[in-house]
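A.B. asks: Before we start, here is the structure in question, set down as structure tokens.
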Amino acid sequence: SSTDIPHDMTPPTFVVDHALLSSLDEGQDNQGLACISEAHWFLKHRLDSKRPRVHPYGSNAELCRRLRQMKERSWKYYIVQKEIHPAMLIRGRKFVLRAHVLAWVHGGTLDLFLHDNPLVSENEKQFVTGD
């Protein structure tokens, strides 16, 4: 039996900066940024996993408008991710999965410990193609 997962589970992810805004405006690769073609996007808070901090945007223009409304000094707290297509769903809903990892370096050795209880936050609405 095959264990291949048919989804790309690693969405293109970008820091929020002027290079990203320029690339989104132009709809093309700019300064080494890949995958900036027209798409659905998710603006995600990097640090807060307790409250819903994932905001969907249906186009490059929508995302650009939101980023320009934000104070530039707050950009460092956010990342932008491009949609995964086709969408991976749980019970017909999109979701956010966060797994906490402890990295410990000692004597030139790196040990990684994965928390055994990842956080899964489902979207409140059922996913409809084009959302």
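How things are named: the first chain in the structure tokens is A, the next is B, and so on; residues count from 1 in each chain; ligands count from 1 in the order shown.
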Any idea what's packed within 6 Å of Phe42 of chain A, counting only C-alpha atoms, ignoring anything in its chain fewer than 3 positions away? Could you give it as a list in words?

C.D. replies: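 The filter keeps His55, Pro56, Val80 and Gln81 of chain A.
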
A.B. asks: Would you export the selected residues with C-alpha atoms as a PDB file, in the first residue's frame, please?

C.D. replies:
ATOM      1  CA  HIS A  55      -6.920  35.702   8.302  1.00  0.00           C
ATOM      2  CA  PRO A  56      -7.773  34.568   4.736  1.00  0.00           C
ATOM      3  CA  VAL A  80       2.032  35.136   4.855  1.00  0.00           C
ATOM      4  CA  GLN A  81       1.308  31.710   3.400  1.00  0.00           C
TER       5      GLN A  81
END

A.B. asks: Where does DSSP see strand (DSSP E) in segment 37-95 of chain A, if you list the residues as a PyMOL selection string?

C.D. replies: chain A and resi 41-45+54-57+78-82+95

A.B. asks: Calculated over only C-alpha atoms, which of the candidates A:Asp116, A:Glu122, A:Asp17, A:Glu72 has the smallest distance to Ile90 of chain A?

C.D. replies: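 Checking each candidate against Ile90 of chain A, we get A:Glu122 as the closest.
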
A.B. asks: Any idea what's packed within 8 Å of Pro118 of chain A, counting only C-alpha atoms, ignoring anything in its chain fewer than 4 positions away? Could you give it as a PDB file with N, CA, C and O atoms, in the first residue's frame?

C.D. replies:
ATOM      1  N   LEU A  97      -2.465  23.615  11.991  1.00  0.00           N
ATOM      2  CA  LEU A  97      -1.786  22.614  12.811  1.00  0.00           C
ATOM      3  C   LEU A  97      -0.494  23.234  13.326  1.00  0.00           C
ATOM      4  O   LEU A  97       0.315  23.727  12.540  1.00  0.00           O
ATOM      5  N   ARG A  98      -0.329  23.227  14.644  1.00  0.00           N
ATOM      6  CA  ARG A  98       0.910  23.725  15.249  1.00  0.00           C
ATOM      7  C   ARG A  98       1.463  22.655  16.164  1.00  0.00           C
ATOM      8  O   ARG A  98       0.766  22.148  17.027  1.00  0.00           O
ATOM      9  N   ALA A  99       2.707  22.335  15.940  1.00  0.00           N
ATOM     10  CA  ALA A  99       3.388  21.367  16.794  1.00  0.00           C
ATOM     11  C   ALA A  99       4.588  22.074  17.421  1.00  0.00           C
ATOM     12  O   ALA A  99       5.405  22.663  16.717  1.00  0.00           O
ATOM     13  N   HIS A 100       4.683  22.040  18.716  1.00  0.00           N
ATOM     14  CA  HIS A 100       5.776  22.710  19.418  1.00  0.00           C
ATOM     15  C   HIS A 100       6.973  21.774  19.513  1.00  0.00           C
ATOM     16  O   HIS A 100       6.840  20.587  19.821  1.00  0.00           O
TER      17      HIS A 100
END

A.B. asks: May I ask which of the residues A:His45, A:Arg66, A:Lys125, A:Lys76 is the closest one to Arg91 of chain A, counting only C-alpha atoms?

C.D. replies: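 Of all the options, A:Lys125 lies closest to Arg91 of chain A.
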
A.B. asks: How many Å lie between atom CA of Tyr57 of chain A and atom CA of Tyr77 of chain A, rounded to one decimal?

C.D. replies: 17.7 Å

A.B. asks: Take atom CA of Leu67 of chain A and atom CA of Glu83 of chain A and report the distance between them in Å, one decimal.

C.D. replies: 17.3 Å

A.B. asks: Need the shell around Trp104 of chain A: protein/DNA/RNA residues with any atom at most 12 Å away, counting only C-alpha atoms. Skip same-chain ones fewer than 6 positions apart. Format as an NGL selection string?

C.D. replies: :A and (110-114)

A.B. asks: Give me, please, the distance in Å between atom CA of Val120 of chain A and atom CA of Ser74 of chain A, quoted to one decimal.

C.D. replies: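 Distance between the two atoms: 25.2 Å.
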
A.B. asks: Any chance you could list, as JSON, numbers by chain, the residues in segment 50-84 of chain A that come up alpha helix (DSSP H) when DSSP is run on the backbone?

C.D. replies: {"A": [60, 61, 62, 63, 64, 65, 66, 67, 68, 69]}

A.B. asks: For each of A:Val128, A:Leu43, A:Leu89, A:Val54, take the minimum atom-to-atom distance to Met70 of chain A, counting only C-alpha atoms, then give the residue where this is smallest.

C.D. replies: A:Leu43

A.B. asks: Under the rule that only C-alpha atoms are counted, which of A:Leu47, A:Ile84, A:Leu63, A:Ile79 is the nearest residue to Thr10 of chain A?

C.D. replies: A:Ile84

A.B. asks: Could you check which of A:Lys94, A:Lys82, A:Arg68, A:His106 is closest to Trp41 of chain A, using only C-alpha atoms?

C.D. replies: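 Ranking A:Lys94, A:Lys82, A:Arg68, A:His106 by distance to Trp41 of chain A, first place goes to A:Lys82.
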